[in-house]
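K.L.:
Structure file run.cif, mmCIF, C-alpha atoms, is pasted below:
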data_data
#
loop_
_atom_site.label_atom_id
_atom_site.label_comp_id
_atom_site.auth_asym_id
_atom_site.auth_seq_id
_atom_site.Cartn_x
_atom_site.Cartn_y
_atom_site.Cartn_z
CA MET A 11 184.30 138.71 91.94
CA LYS A 12 184.32 139.95 95.51
CA LEU A 13 181.24 140.70 97.61
CA ILE A 14 181.31 144.43 98.41
CA PHE A 15 177.75 144.90 99.68
CA GLY A 16 175.87 142.02 101.32
CA ARG A 17 174.05 140.83 104.43
CA PRO A 18 176.18 141.89 107.46
CA ALA A 19 177.28 139.36 110.09
CA GLY A 20 175.33 141.34 112.70
CA LEU A 21 172.08 140.02 111.21
CA THR A 22 170.94 136.41 111.51
CA ASP A 23 169.71 134.44 108.49
CA VAL A 24 166.09 134.67 109.65
CA LYS A 25 163.78 136.23 107.05
CA GLN A 26 162.35 139.45 108.53
CA ARG A 27 158.57 139.49 108.88
CA TYR A 28 158.07 143.20 108.19
CA CYS A 29 155.72 144.54 105.52
CA PRO A 30 157.22 145.38 102.11
CA GLY A 31 158.91 148.79 102.23
CA CYS A 32 159.09 149.01 106.05
CA GLY A 33 161.90 151.19 107.40
CA HIS A 34 162.71 148.78 110.24
CA GLY A 35 164.70 146.52 107.91
CA ILE A 36 166.96 149.40 106.83
CA VAL A 37 167.69 150.48 110.42
CA HIS A 38 168.27 146.85 111.48
CA ARG A 39 170.86 146.53 108.75
CA LEU A 40 172.61 149.80 109.69
CA VAL A 41 172.86 148.74 113.34
CA ALA A 42 174.07 145.26 112.34
CA GLU A 43 176.77 146.78 110.10
CA LEU A 44 177.96 149.01 112.95
CA LEU A 45 178.09 146.08 115.40
CA VAL A 46 180.64 144.52 113.04
CA GLU A 47 182.48 147.73 112.05
CA LEU A 48 182.99 148.90 115.63
CA ASN A 49 183.82 145.33 116.72
CA ILE A 50 181.27 145.39 119.55
CA ARG A 51 179.03 142.47 118.54
CA GLU A 52 180.41 140.17 121.26
CA ARG A 53 179.67 142.64 124.06
CA ALA A 54 176.56 144.34 122.66
CA VAL A 55 173.19 143.86 124.39
CA GLY A 56 170.14 144.98 122.44
CA ILE A 57 166.77 145.83 123.94
CA ALA A 58 163.86 144.76 121.73
CA PRO A 59 160.72 146.93 122.04
CA VAL A 60 157.05 146.09 122.02
CA GLY A 61 155.83 146.82 118.51
CA CYS A 62 156.48 145.44 115.05
CA SER A 63 160.16 144.98 115.93
CA VAL A 64 159.39 142.87 119.02
CA PHE A 65 161.05 139.98 117.18
CA ALA A 66 164.31 141.95 116.86
CA ASP A 67 165.92 139.33 119.12
CA GLU A 68 165.57 136.85 116.23
CA TYR A 69 167.09 139.26 113.71
CA PHE A 70 170.13 140.71 115.52
CA ASN A 71 173.09 138.42 115.92
CA CYS A 72 173.96 139.64 119.43
CA ASP A 73 172.55 139.29 122.96
CA MET A 74 169.01 140.62 123.20
CA ILE A 75 166.46 141.25 125.95
CA GLN A 76 162.74 141.93 125.55
CA PRO A 77 161.48 143.97 128.53
CA PRO A 78 157.88 145.11 129.22
CA HIS A 79 156.38 147.81 127.04
CA GLY A 80 158.30 151.09 127.19
CA ARG A 81 160.80 149.98 129.84
CA GLY A 82 163.77 149.77 127.45
CA PRO A 83 165.80 152.69 128.89
CA ALA A 84 165.20 151.44 132.47
CA VAL A 85 166.37 147.90 131.65
CA ALA A 86 169.31 149.29 129.67
CA THR A 87 170.27 151.43 132.67
CA GLY A 88 170.26 148.39 134.93
CA ILE A 89 172.40 146.27 132.62
CA LYS A 90 174.84 149.12 131.94
CA ARG A 91 175.33 149.76 135.66
CA ALA A 92 175.77 146.06 136.47
CA ARG A 93 177.99 145.32 133.44
CA PRO A 94 179.70 148.59 132.34
CA ASP A 95 181.70 146.72 129.68
CA CYS A 96 178.52 145.90 127.72
CA ILE A 97 177.35 148.16 124.90
CA LEU A 98 173.62 148.78 125.32
CA PHE A 99 171.26 149.84 122.58
CA SER A 100 167.53 150.18 123.09
CA TYR A 101 165.61 149.91 119.82
CA GLN A 102 162.16 151.48 120.27
CA GLY A 103 159.20 152.72 118.27
CA ASP A 104 157.03 155.75 118.98
CA GLY A 105 154.38 153.84 120.92
CA ASP A 106 157.11 152.33 123.08
CA LEU A 107 159.41 155.33 123.60
CA ALA A 108 157.08 158.34 123.28
CA ALA A 109 153.81 156.99 124.74
CA ILE A 110 154.02 154.33 127.45
CA GLY A 111 157.77 154.77 127.99
CA THR A 112 157.97 158.59 128.12
CA ALA A 113 158.89 158.64 131.82
CA GLU A 114 161.74 156.14 131.41
CA THR A 115 163.06 157.99 128.35
CA VAL A 116 162.99 161.45 129.93
CA HIS A 117 164.55 160.30 133.20
CA ALA A 118 167.27 158.24 131.49
CA ALA A 119 168.10 161.35 129.42
CA ALA A 120 168.06 163.62 132.49
CA ARG A 121 170.46 161.27 134.31
CA ASN A 122 172.71 161.22 131.20
CA GLU A 123 172.79 157.43 131.41
CA ASN A 124 175.57 155.99 129.23
CA ILE A 125 173.25 154.16 126.79
CA THR A 126 172.20 154.48 123.14
CA LEU A 127 168.53 154.84 122.20
CA ILE A 128 167.35 154.21 118.64
CA PHE A 129 163.92 155.77 118.18
CA ILE A 130 161.90 154.75 115.12
CA ASN A 131 159.33 157.49 114.43
CA ASN A 132 156.71 156.38 111.92
CA ALA A 133 153.95 158.73 113.19
CA ILE A 134 151.54 155.85 113.83
CA TYR A 135 151.01 152.68 115.87
CA GLY A 136 152.09 150.22 113.20
CA MET A 137 151.67 146.82 114.86
CA THR A 138 148.19 147.32 116.31
CA GLY A 139 146.69 148.56 113.05
CA GLY A 140 147.56 152.20 112.42
CA GLN A 141 146.02 154.04 115.39
CA LEU A 142 146.83 157.60 116.45
CA ALA A 143 150.24 157.85 118.11
CA PRO A 144 151.77 160.72 120.12
CA THR A 145 153.83 161.48 117.02
CA THR A 146 150.93 161.56 114.50
CA LEU A 147 151.06 164.81 112.53
CA PRO A 148 148.21 167.39 112.83
CA GLY A 149 145.63 166.60 110.15
CA MET A 150 147.07 163.13 109.51
CA ARG A 151 144.57 160.30 109.18
CA SER A 152 144.80 157.16 111.27
CA THR A 153 142.27 154.46 112.17
CA THR A 154 141.33 156.36 115.36
CA SER A 155 141.38 159.82 113.73
CA VAL A 156 139.59 159.18 110.45
CA GLN A 157 138.97 162.91 109.84
CA GLY A 158 142.65 163.66 110.49
CA ARG A 159 144.28 164.53 113.83
CA ASP A 160 142.29 167.38 115.38
CA ILE A 161 144.58 169.42 117.63
CA VAL A 162 141.59 170.60 119.69
CA LYS A 163 140.55 167.05 120.59
CA GLN A 164 143.81 165.10 120.41
CA GLY A 165 146.39 167.80 121.06
CA TYR A 166 149.76 168.38 119.45
CA PRO A 167 152.35 165.71 118.66
CA ILE A 168 155.37 165.16 120.88
CA LYS A 169 158.68 166.12 119.27
CA VAL A 170 161.00 163.88 121.24
CA CYS A 171 164.33 165.43 120.21
CA GLU A 172 163.11 168.98 120.98
CA LEU A 173 161.62 167.76 124.27
CA LEU A 174 164.85 166.14 125.44
CA ALA A 175 166.95 169.07 124.16
CA GLY A 176 165.32 171.11 126.94
CA LEU A 177 167.17 168.98 129.50
CA ASP A 178 170.78 169.53 130.53
CA GLY A 179 171.53 165.79 130.64
CA PRO A 180 171.65 164.30 127.11
CA TYR A 181 174.97 164.21 125.29
CA TYR A 182 173.82 163.58 121.71
CA LEU A 183 170.38 164.08 120.14
CA VAL A 184 169.83 163.82 116.41
CA ARG A 185 166.96 163.28 113.98
CA CYS A 186 167.53 161.43 110.69
CA ALA A 187 165.40 159.71 108.06
CA VAL A 188 165.68 156.58 105.90
CA ASN A 189 163.83 157.79 102.80
CA THR A 190 166.78 158.35 100.42
CA PRO A 191 170.26 156.79 100.08
CA LYS A 192 171.77 160.13 101.21
CA ASN A 193 169.65 160.22 104.37
CA ILE A 194 170.37 156.52 105.05
CA ILE A 195 174.13 157.21 104.90
CA ARG A 196 173.64 160.16 107.29
CA THR A 197 171.60 157.94 109.60
CA LYS A 198 174.43 155.42 109.70
CA LYS A 199 176.88 158.19 110.56
CA ALA A 200 174.62 159.37 113.39
CA LEU A 201 174.24 155.82 114.75
CA LYS A 202 178.01 155.39 114.61
CA THR A 203 178.51 158.60 116.61
CA ALA A 204 175.90 157.40 119.13
CA PHE A 205 177.70 154.06 119.63
CA GLN A 206 181.10 155.74 119.83
CA ASN A 207 179.80 158.13 122.50
CA GLN A 208 178.85 155.11 124.59
CA ILE A 209 182.17 153.34 123.97
CA ASN A 210 183.96 156.55 125.10
CA ASN A 211 181.70 156.81 128.20
CA LYS A 212 180.26 160.14 127.11
CA GLY A 213 176.64 159.49 128.07
CA PHE A 214 173.11 159.46 126.70
CA SER A 215 172.63 159.38 122.92
CA LEU A 216 169.30 159.28 121.11
CA VAL A 217 168.96 158.85 117.35
CA GLU A 218 165.43 159.55 116.11
CA ILE A 219 164.78 158.06 112.69
CA LEU A 220 161.80 159.00 110.48
CA SER A 221 160.76 155.68 109.02
CA MET A 222 158.20 154.48 106.48
CA CYS A 223 155.05 152.56 107.47
CA PRO A 224 153.36 152.05 104.08
CA THR A 225 150.70 149.69 105.50
CA GLY A 226 149.75 152.00 108.37
CA TRP A 227 149.75 155.09 106.18
CA GLY A 228 147.72 153.43 103.38
CA MET A 229 150.36 154.20 100.76
CA THR A 230 152.67 152.28 98.47
CA PRO A 231 156.29 152.05 99.70
CA VAL A 232 157.38 154.58 97.07
CA GLN A 233 154.61 157.04 98.05
CA ALA A 234 155.55 156.59 101.71
CA LYS A 235 159.18 157.37 100.92
CA LYS A 236 158.15 160.58 99.14
CA TRP A 237 155.75 161.54 101.96
CA ILE A 238 158.62 161.53 104.46
CA GLY A 239 160.57 163.96 102.29
CA GLU A 240 157.64 166.22 101.40
CA VAL A 241 155.51 166.30 104.57
CA MET A 242 156.95 164.50 107.58
CA SER A 243 160.46 165.98 107.52
CA LYS A 244 158.92 169.48 107.31
CA TYR A 245 157.14 168.95 110.64
CA TYR A 246 160.01 166.99 112.19
CA PRO A 247 163.08 168.86 110.90
CA LEU A 248 166.19 166.72 110.44
CA GLY A 249 169.47 167.56 112.11
CA GLU A 250 171.39 167.62 115.38
CA PHE A 251 169.64 169.03 118.43
CA ARG A 252 172.47 168.43 120.89
CA ASN A 253 176.07 167.44 120.33
CA LEU A 254 178.21 168.19 123.36
CA ALA A 255 181.26 166.77 121.54
CA LYS A 256 181.27 169.92 119.37
CA GLU A 257 181.00 172.20 122.41
CA GLU A 258 183.87 170.41 124.16
CA LYS A 259 186.27 171.21 121.32
CA MET B 19 182.62 144.68 85.94
CA PRO B 20 180.26 145.10 88.93
CA GLU B 21 177.39 142.70 89.32
CA VAL B 22 174.13 142.96 91.29
CA LYS B 23 172.52 139.78 92.57
CA ILE B 24 168.87 139.87 93.68
CA LEU B 25 167.95 137.20 96.26
CA GLU B 26 164.50 136.57 94.81
CA GLU B 27 163.14 134.51 97.73
CA ILE B 28 163.97 137.29 100.24
CA CYS B 29 162.79 140.21 98.07
CA LYS B 30 159.32 141.51 99.00
CA GLY B 31 158.82 143.55 95.84
CA CYS B 32 158.47 146.89 97.68
CA GLY B 33 160.02 148.73 94.75
CA LEU B 34 162.11 151.13 96.87
CA CYS B 35 165.21 150.25 94.82
CA CYS B 36 163.38 150.80 91.52
CA ASP B 37 162.21 154.37 92.08
CA GLY B 38 165.00 156.71 91.02
CA VAL B 39 167.51 155.23 93.48
CA CYS B 40 169.70 153.57 90.86
CA PRO B 41 171.79 156.26 89.10
CA VAL B 42 171.74 154.30 85.83
CA ASP B 43 168.12 153.19 86.28
CA ILE B 44 168.50 149.47 85.56
CA LEU B 45 166.26 148.06 88.33
CA ILE B 46 162.59 147.20 87.80
CA LEU B 47 160.05 144.92 89.47
CA SER B 48 159.87 141.75 87.42
CA PRO B 49 156.57 141.74 85.47
CA ASP B 50 156.40 137.95 84.99
CA ARG B 51 158.43 136.33 87.81
CA ILE B 52 156.90 135.62 91.21
CA ASN B 53 158.46 134.19 94.40
CA SER B 54 157.02 131.73 96.93
CA SER B 55 155.69 134.59 99.11
CA GLY B 56 153.72 135.92 96.14
CA TYR B 57 155.81 139.03 95.47
CA HIS B 58 157.23 140.21 92.16
CA PRO B 59 160.97 140.44 92.92
CA ALA B 60 163.23 143.18 91.60
CA MET B 61 165.36 142.41 88.55
CA VAL B 62 168.21 144.02 86.65
CA THR B 63 167.47 144.98 83.05
CA ASP B 64 171.01 145.64 81.80
CA MET B 65 173.86 144.42 84.01
CA LYS B 66 176.51 145.97 81.74
CA LYS B 67 175.44 149.48 82.80
CA CYS B 68 175.90 148.78 86.54
CA ILE B 69 178.52 151.02 88.22
CA GLY B 70 178.55 149.16 91.57
CA CYS B 71 177.60 152.18 93.70
CA GLY B 72 175.57 150.01 96.12
CA TYR B 73 172.64 152.44 96.41
CA CYS B 74 170.21 149.56 95.76
CA TYR B 75 171.74 147.62 98.67
CA ILE B 76 171.65 150.70 100.92
CA THR B 77 167.94 151.22 100.18
CA CYS B 78 166.85 147.58 100.46
CA PRO B 79 165.10 146.85 103.78
CA GLU B 80 165.64 143.07 103.68
CA PRO B 81 168.57 143.17 102.45
CA ALA B 82 167.81 141.10 99.36
CA ILE B 83 170.52 142.64 97.19
CA GLU B 84 174.19 141.71 96.98
CA VAL B 85 176.74 143.68 94.98
CA TYR B 86 179.92 142.06 93.64
CA LYS B 87 182.88 143.81 92.10
#
Output the structure of this file as structure tokens.
P.N.:
Amino acid sequence: MKLIFGRPAGLTDVKQRYCPGCGHGIVHRLVAELLVELNIRERAVGIAPVGCSVFADEYFNCDMIQPPHGRGPAVATGIKRARPDCILFSYQGDGDLAAIGTAETVHAAARNENITLIFINNAIYGMTGGQLAPTTLPGMRSTTSVQGRDIVKQGYPIKVCELLAGLDGPYYLVRCAVNTPKNIIRTKKALKTAFQNQINNKGFSLVEILSMCPTGWGMTPVQAKKWIGEVMSKYYPLGEFRNLAKEEK
Amino acid sequence: MPEVKILEEICKGCGLCCDGVCPVDILILSPDRINSSGYHPAMVTDMKKCIGCGYCYITCPEPAIEVYK
């Protein structure tokens, strides 16, 4: 008997402290598999966000840094410019990347910085208790919008991929989901492209991933998985928003 | 013959692998077993039917599933 699917070497043996059914674990595993497959684990530097995945430095078996809230792309820029041989990935949630870190994200994209951003969109502030996030859907309930998000009072959500697609800078922008095995395989493909772009010095790549937060959404993990397919992916359509590699051909 | 091994102490009983992910539908949450974290871990009902596709591993957030072939 030979092990064909098992814990990748890019993950440490630490038991992850996420809620049951959280999408973070799936994305962690995909990134860890790619660190091994692309043989970049020794020179990879990960940026842990502020949020549920703030302990990502304990889970990834590579060098990690934990900068202040939202400053992931800025810190990644600094490390990449000082050590161009390192492979930088900034792992961020929606509170980190789309709220407090919007400026860093937009400017890193506009400069076409040669880094990889992994953006976990779960439409809510998961760690602090399910408050309204910039990505919360119109009409969606959270602990600070108990009647549902009112677009008159709280405005419209930010669609990060569409926002950055308006800039000339970014090289690769894609939105994926982790609700079904098919979408998880596509997500892995997108992450692989994003890492390869950086290895080939192509520039800024952002992979947005629609991820489950069963605790924040007040659903079971299975309901949360279905909700992504039925509701969330309708508002945040999946697919590529920018792929300059195709235009270069 | 492929074989699926559930790491019961790591499993959080979320049930993502049990809901239509397995093409031969042999995964369920164990009704009587419980791990030290208080979760009902997933279990395989009929190992002979397993085709070793690895969809359960792909879906597992922990990952608490290993597939041997």
K.L.:
Could you list, as a ChimeraX atom specification, every residue matched by the PyMOL selection byres ((chain A) within 9 of (chain B)) in this structure?
P.N.:
/A:11-17,25-26,28-40,188-191,194-195,230-232,235
K.L.:
As an exercise, work out the distance from CA of Gly136 (chain A) to CA of Thr197 (chain A) in Å and give it to one decimal place.
P.N.:
21.3 Å
K.L.:
What residues come out when you apply the PyMOL selection byres ((chain A and resi 42) around 8) to this file, written as a list in words?
P.N.:
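Applied to this file, the PyMOL selection byres ((chain A and resi 42) around 8) selects Pro18, Ala19, Gly20, Leu21, His38, Arg39, Leu40, Val41, Glu43, Leu44, Leu45, Val46, Phe70 and Asn71 of chain A.
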K.L.:
For Ile52 (chain B), find every residue with an atom within 9 Å (counting only C-alpha atoms), except residues of its own chain fewer than 6 positions away, and show them as a ChimeraX atom specification.
P.N.:
/B:26,58-59
K.L.:
What is the distance, in Å and to one decimal place, between CA of Thr22 (chain A) and CA of Arg51 (chain A)?
P.N.:
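Separation of CA of Thr22 (chain A) and CA of Arg51 (chain A): 12.3 Å.
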K.L.:
Applying the PyMOL selection byres ((chain B and resi 63-66) around 8) to the file I just gave you, which residues come out? Please list them as a PDB file with C-alpha atoms, in the coordinates of the input.
P.N.:
ATOM      1  CA  MET B  19     182.620 144.680  85.940  1.00  0.00           C
ATOM      2  CA  GLU B  21     177.390 142.700  89.320  1.00  0.00           C
ATOM      3  CA  VAL B  22     174.130 142.960  91.290  1.00  0.00           C
ATOM      4  CA  ILE B  44     168.500 149.470  85.560  1.00  0.00           C
ATOM      5  CA  LEU B  45     166.260 148.060  88.330  1.00  0.00           C
ATOM      6  CA  ILE B  46     162.590 147.200  87.800  1.00  0.00           C
ATOM      7  CA  MET B  61     165.360 142.410  88.550  1.00  0.00           C
ATOM      8  CA  VAL B  62     168.210 144.020  86.650  1.00  0.00           C
ATOM      9  CA  LYS B  67     175.440 149.480  82.800  1.00  0.00           C
ATOM     10  CA  CYS B  68     175.900 148.780  86.540  1.00  0.00           C
TER      11      CYS B  68
END
K.L.:
Between A:Val116, A:Ala109, A:Ile219, A:Val60, which is the closest to Ala200 (chain A) once you count only C-alpha atoms?
P.N.:
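The closest residue to Ala200 (chain A) is A:Ile219.
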K.L.:
Rounded to one decimal, what separation in Å do you get between CA of Gly165 (chain A) and CA of Ala143 (chain A)?
P.N.:
11.1 Å
K.L.:
Of the residues A:Lys198, A:Arg27, A:Lys169, A:Arg81, which is the one nearest to Pro59 (chain A), using only C-alpha atoms?
P.N.:
A:Arg81
K.L.:
Each side padded by 6 Å, which centre and which edge lengths in Å (one decimal) define the axis-aligned box around the listed atoms of region 39-49 of chain B? Give them as AutoDock Vina command-line options.
P.N.:
--center_x 164.2 --center_y 149.0 --center_z 89.5 --size_x 27.2 --size_y 26.5 --size_z 20.0
